[in-house]
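Chemist: Okay, here's the structure, questions in a sec.
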Amino acid sequence: MAGTAAGGSRQNPYAPYLLVAPGVLWLTAFYLVPILALARVSVNVTDAAWYDGYTRAFSSYGMHLVRSFGYALMSTVIGVLLGYPLAYVMAFRAGRLKNLLLGLVILPFFTTFLVRTFAWKTILNDQGIVVHVLGSLHLLPGYGRLLNTPYAVIGGLTYNFLPFMILPIYVSLEKIDRRLVEAAQDLYCNSLQAFRKVVLPLSLPGVFAGGLLTFIPASGDFINAELLGGPNQRMIGSVIQGQFLQIRDYPMAAALSFVLMTIITLLVLAYTRALGTEDLA
Amino acid sequence: MAFGGGLLGGCRPEEPDHESSAGSGNDNVLRISNWPLYIDAATVSDFERATGISVQYTEDINDNNEFFAKIDEPLKRGQSIDRDIIILTDWMAGRLIQLGYVQPIDDANFPNKKNLLDRLRQVGFDPGRRYSVPWLSVMTGLGYNPRKTGRELTSANDIFDPKFAGQVTMLTEMRDSLGVVMVGMGIDPEQCTIDDARAACAKIKRYRESGHIRAFTGNDYTEDLAAGNISVAVAWSGDIQGLSADNPDLRWVAPSEGAMIFSDNMLIPRTSRHADLASKWMNYVYDPAHSARIVAAVAYPSAVKGAGEELAKLSPELARSPLANPTPEQVAKLRGFKWLDEHEDREFNRLFLDAMGG
């Protein structure tokens, strides 16, 4: 950053520090300090070893962790499959409709997350039209319903986080230089090959960012599991909430939060390695 | 680490902050927090007109545990929670009294306290009712739709009838669900042990894992019951009465083995500066005629002597209903839940949370 400022006026050497100071202060006060407090709570076990919360996190709630990451992964994959084609159309084919489509993608944010998820309870109601139509087509899962099943939870997660998938993919597709596609076609690529060799690799940073923005909040989410799932679909977020508010076992709840954060961090690191994207969109 | 200290439990309550409580004492506002749909439309304004006290009435209590998590820290430190009356269920009222979070009721302003029903005068968590008086009582039994069940329900064990697999909900409130299940197993919830809780929770867990129990809910089971998503729910009496206006099919029954009964109690937080206004409010709602008006709207049994007779004048039909005005014989069959100390409470909750799926 400093290197680009060659010549011209002299610069204050402290400027970069002054510029980052507000952000650093904010994060220290509202992220670092609470995290440290939480860490202290997680080992403040009175009737067992200090790491008791951590061992119980895996022994008692391993299944909830697996389930949470499984549901989050499913909704991320479905999100890519649904979101990519839409983002592609918006970026390349929509013409004058582009802004309208963008507006429609953002529109759900005008209502809160909670209310929209409640609306799904009505839509997926046993007596509702969706269940009736699927039932008469014999497409209903074995439960004979949608509400309080994994299908509803994964569907809810996908729905709620889909805009976070579409928007980054759209941005990375939008900034691709069209002449690259033309060049590929001049070199005898058909349009499928041009997509595979040029458009897709260039849009990967968007897919990468969209994947993170979907997967991370989805794995910690509990609203969808609480409202749309049944007791056998509870996710780790519900467990943490129950430990904090119902049992008031703060060390356990804090340890679970740390386990969740650590696993997410490891998964994200592995994912970054695998996709190898240095320049995020 | 000033942020961290407060989260760590185990410290004794600090003395209330007298400096701030000594401040502006002449504002004439009484702040009440209650559960949703737990009062009629006129009582607050009638009280304001009768006494000249203005009332800020908020329906912001949805769950005993969650509300406790909200007020625990400030009350421990002796800070104001901006409320002069809060209304919590017996066991939670007992916890607040034990922790020293509430102040004694000023009986001088509360002559109508004599109207408290005899059976509610002596309670284990508050001997002599120094700190708490019931707002209303709540019975927990079975709510169902005979059109979906195809028969009338009579026993607490009817919730486990294989015919209703996947169409049953229970309450997330431990004492309500566990109590009803225990009663069906022949266990008296008033005398139950940790082993009884273990057995009852194992049963609940088995039926949850098999998919028989579809969900554990708060008040929202009412939507599922009205929509026909479920056939049977462990249900609160007044809820079903409230729903029956739009869904005349729905029924509530006290199981033949006995239903559960609890009261929600008015308490004055120790940091409230308006204990005098609070006891005037209590006095007002302990007038039988005033209490009957609330019961007529919400259909939960009153704790006030003579409210039944007053209710008969307002709504003879409701006064005959065992939901709003149970007879002494019906009351005799109702069960409470054993008083659990902090350790037992945590163990019971841990078992129950595991039974509910974590």
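Ordering of the structure tokens sets the chain letters (A, B, ...); residue numbers start at 1 within each chain; ligands are numbered from 1 in the order shown.
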Compute the chain B side of the contact with chain A at 10 Å, counting only C-alpha atoms, and hand it back as a ChimeraX atom specification.
Modeler: /B:1-10,63-70,166,169,172-174,205,208-211,213-217,220,223-224,227-230,345-350,352-358
Chemist: Could those residues be written to a file, using C-alpha atoms, as a CSV table (one decimal), in the first residue's frame?
Modeler:
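Generated file (again_31.csv):
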```csv
chain,number,residue,atom,x,y,z
B,1,MET,CA,-11.7,-8.5,31.8
B,2,ALA,CA,-14.5,-6.5,33.2
B,3,PHE,CA,-16.9,-8.0,30.6
B,4,GLY,CA,-16.2,-11.5,31.8
B,5,GLY,CA,-16.6,-11.3,35.5
B,6,GLY,CA,-20.4,-11.0,35.4
B,7,LEU,CA,-20.9,-14.2,33.5
B,8,LEU,CA,-19.3,-16.3,36.1
B,9,GLY,CA,-22.0,-17.6,38.4
B,10,GLY,CA,-21.8,-18.4,42.1
B,63,ASP,CA,-40.7,-18.7,28.8
B,64,ASN,CA,-39.6,-18.9,32.5
B,65,ASN,CA,-36.0,-19.9,31.7
B,66,GLU,CA,-35.5,-17.4,29.0
B,67,PHE,CA,-36.9,-14.6,31.1
B,68,PHE,CA,-34.8,-15.6,34.0
B,69,ALA,CA,-31.7,-15.6,31.9
B,70,LYS,CA,-32.6,-12.0,31.0
B,166,GLY,CA,-46.2,-38.5,14.4
B,169,THR,CA,-46.6,-32.7,20.6
B,172,THR,CA,-40.9,-27.6,26.3
B,173,GLU,CA,-41.7,-26.7,29.9
B,174,MET,CA,-40.3,-29.6,31.8
B,205,LYS,CA,-36.9,-40.2,24.4
B,208,ARG,CA,-39.2,-39.0,20.3
B,209,GLU,CA,-36.6,-41.1,18.5
B,210,SER,CA,-39.3,-43.3,16.9
B,211,GLY,CA,-40.9,-40.2,15.5
B,213,ILE,CA,-43.6,-37.2,19.2
B,214,ARG,CA,-43.5,-34.8,16.4
B,215,ALA,CA,-42.4,-31.6,18.2
B,216,PHE,CA,-41.7,-30.0,21.6
B,217,THR,CA,-43.3,-26.6,21.6
B,220,ASP,CA,-47.3,-22.5,19.4
B,223,GLU,CA,-51.4,-23.5,15.6
B,224,ASP,CA,-50.6,-27.1,14.8
B,227,ALA,CA,-54.4,-26.5,11.6
B,228,GLY,CA,-54.9,-30.3,12.1
B,229,ASN,CA,-51.2,-31.0,11.8
B,230,ILE,CA,-51.4,-32.9,15.1
B,345,ASP,CA,-33.4,-28.8,38.9
B,346,ARG,CA,-30.3,-29.0,36.7
B,347,GLU,CA,-30.3,-32.8,36.7
B,348,PHE,CA,-34.0,-33.0,35.9
B,349,ASN,CA,-33.5,-30.4,33.1
B,350,ARG,CA,-30.5,-32.2,31.7
B,352,PHE,CA,-35.4,-33.7,29.9
B,353,LEU,CA,-33.3,-31.8,27.4
B,354,ASP,CA,-31.7,-35.0,26.3
B,355,ALA,CA,-35.1,-36.6,26.0
B,356,MET,CA,-36.2,-33.7,23.8
B,357,GLY,CA,-33.2,-34.3,21.5
B,358,GLY,CA,-30.5,-32.0,22.9
```
Chemist: Can you pull out every residue from segment 133-205 of chain A that DSSP, working from the backbone, puts in helix (DSSP H, G or I), and format the result as a ChimeraX atom specification?
Modeler: /A:133-136,150-174,178-186,191-205
Chemist: Just to confirm, what's the straight-line distance from atom CA of Ala202 of chain B to atom CA of Glu344 of chain B in Å (one decimal)?
Modeler: 17.2 Å
Chemist: So which residues touch Arg270 of chain B within 10 Å, counting only C-alpha atoms, skipping near sequence neighbours fewer than 4 positions away, as a ChimeraX atom specification?
Modeler: /B:15-16,75-76,78-81,84,96-97,100-104,275
Chemist: Go ahead and write the residues just picked, C-alpha atoms, as a short mmCIF file (atom, residue, chain, number, x, y, z; two decimals), in the first residue's frame.
Modeler:
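Saved to selection.cif:
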```cif
data_model
loop_
_atom_site.label_atom_id
_atom_site.label_comp_id
_atom_site.auth_asym_id
_atom_site.auth_seq_id
_atom_site.Cartn_x
_atom_site.Cartn_y
_atom_site.Cartn_z
CA GLU B 15 -26.82 -4.96 47.78
CA PRO B 16 -29.39 -3.09 45.69
CA LEU B 75 -30.97 -8.51 39.80
CA LYS B 76 -27.84 -10.20 41.09
CA GLY B 78 -29.00 -4.98 42.34
CA GLN B 79 -29.69 -3.07 39.14
CA SER B 80 -33.11 -2.07 37.97
CA ILE B 81 -34.88 -4.28 35.44
CA ASP B 84 -42.33 -3.40 39.21
CA LEU B 96 -36.24 -15.88 42.69
CA ILE B 97 -37.36 -15.85 46.32
CA GLY B 100 -33.28 -12.89 47.24
CA TYR B 101 -34.26 -11.21 43.98
CA VAL B 102 -37.72 -10.12 45.11
CA GLN B 103 -39.05 -7.92 47.92
CA PRO B 104 -41.85 -8.68 50.38
CA ALA B 275 -43.65 -1.60 45.73
#
```
Chemist: What separation in Å, quoted to one decimal, exists between atom CA of Val180 of chain B and atom CA of Ala292 of chain B?
Modeler: 28.1 Å
Chemist: When you look at segment 306-308 of chain B with a cut-off of 7 Å (counting only C-alpha atoms), what residues show up, excluding the ones that are within fewer than 2 positions of it in the same chain? I need them as a list in words.
Modeler: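 Those residues are Pro288, Ala289, Ser291, Ala292, Ser302, Val304, Glu310, Leu311, Ala312, Ala319 and Asn325 of chain B.
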Chemist: Those residues you just picked out, can you put them in a file as a PDB file, in the first residue's frame with C-alpha atoms?
Modeler:
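The resulting file, again.pdb, is shown below:
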```pdb
ATOM      1  CA  PRO B 288     -63.466 -10.977  43.114  1.00  0.00           C
ATOM      2  CA  ALA B 289     -65.365  -8.933  40.536  1.00  0.00           C
ATOM      3  CA  SER B 291     -60.597 -11.115  38.929  1.00  0.00           C
ATOM      4  CA  ALA B 292     -63.726 -12.588  37.319  1.00  0.00           C
ATOM      5  CA  SER B 302     -58.731 -17.531  39.383  1.00  0.00           C
ATOM      6  CA  VAL B 304     -59.438 -15.324  44.292  1.00  0.00           C
ATOM      7  CA  GLU B 310     -68.772 -13.188  40.014  1.00  0.00           C
ATOM      8  CA  LEU B 311     -67.883 -15.141  36.882  1.00  0.00           C
ATOM      9  CA  ALA B 312     -71.341 -16.732  36.903  1.00  0.00           C
ATOM     10  CA  ALA B 319     -68.514 -20.530  35.228  1.00  0.00           C
ATOM     11  CA  ASN B 325     -63.817 -22.697  37.351  1.00  0.00           C
TER      12      ASN B 325
END
```
Chemist: What's the separation between atom CA of Val198 of chain A and atom CA of Tyr159 of chain A, in Å to one decimal place?
Modeler: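 So the answer is 29.2 Å.
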Chemist: For a quick check of understanding, using only C-alpha atoms, which of A:Ser42, A:Ser219, A:Thr117, A:Ser68 has the smallest distance to Ala254 of chain A?
Modeler: A:Ser42
